[in-house]
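A quick write-up on the structure given underneath.
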Amino acid sequence: MSATVFEMAATCETHQGLLDECNAARNEWNSRRAEISKLGLRGKKIDNELMRLQARFAKSYAMVRSHLRGCECCQSARGTYDIGRYQDRSGVVPQLHIPLFSGTHQLHR
């Protein structure tokens, strides 16, 4: 059994549930952004929807990170706590290839 498979098998169910929720939120946000971009939708309602989806993802991502910091089971499964392993966001954080907002209203600084 490889180290990666062992680590995945040894982590707790809570971690897996949080990770699944985080991935679902990321996928929903990405697919909706792609759909909005493809259809050229604009407006405050669209921007609010994207912000809500982004906030849902950010909250679920923060919950995963918080769990990793506080869960003894997850930490002991790795031998030592190493958050650096999760710093590579390619597996969790979406790549932003399309605009976050539709562009119809902007924040004034």
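Chain labels run A, B, ... following the order of the structure tokens; each chain numbers its residues from 1, and ligands are numbered from 1 in the order shown.
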Using only C-alpha atoms, which protein or nucleic acid residues come within 7 Å of Cys22 (chain A)? Drop anything in the same chain fewer than 4 positions from it, and give the result as a list in words. Leu18, Arg26, Phe57, Ser60 and Tyr61 of chain A
Determine, counting only C-alpha atoms, which protein, DNA and RNA residues have an atom within 12 Å of an atom of Ser66 (chain A); residues of the same chain fewer than 5 positions away are not included. Present the result as a ChimeraX atom specification. /A:14-15,18-19,59-61,71-72,74-75,83,86
Report, in Å to a single decimal, how far apart CA of Glu35 (chain A) and CA of Leu53 (chain A) are. 13.4 Å
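Taking CA of Asn27 (chain A) as the reference point, CA of Leu50 (chain A) is found at 12.5 Å.
In this structure, CA of Asn23 (chain A) sits 20.9 Å away from CA of Ser37 (chain A).
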Best match for closeness to Glu28 (chain A) among A:Arg52, A:Arg65, A:Asp47, A:Arg42, counting only C-alpha atoms: A:Arg52
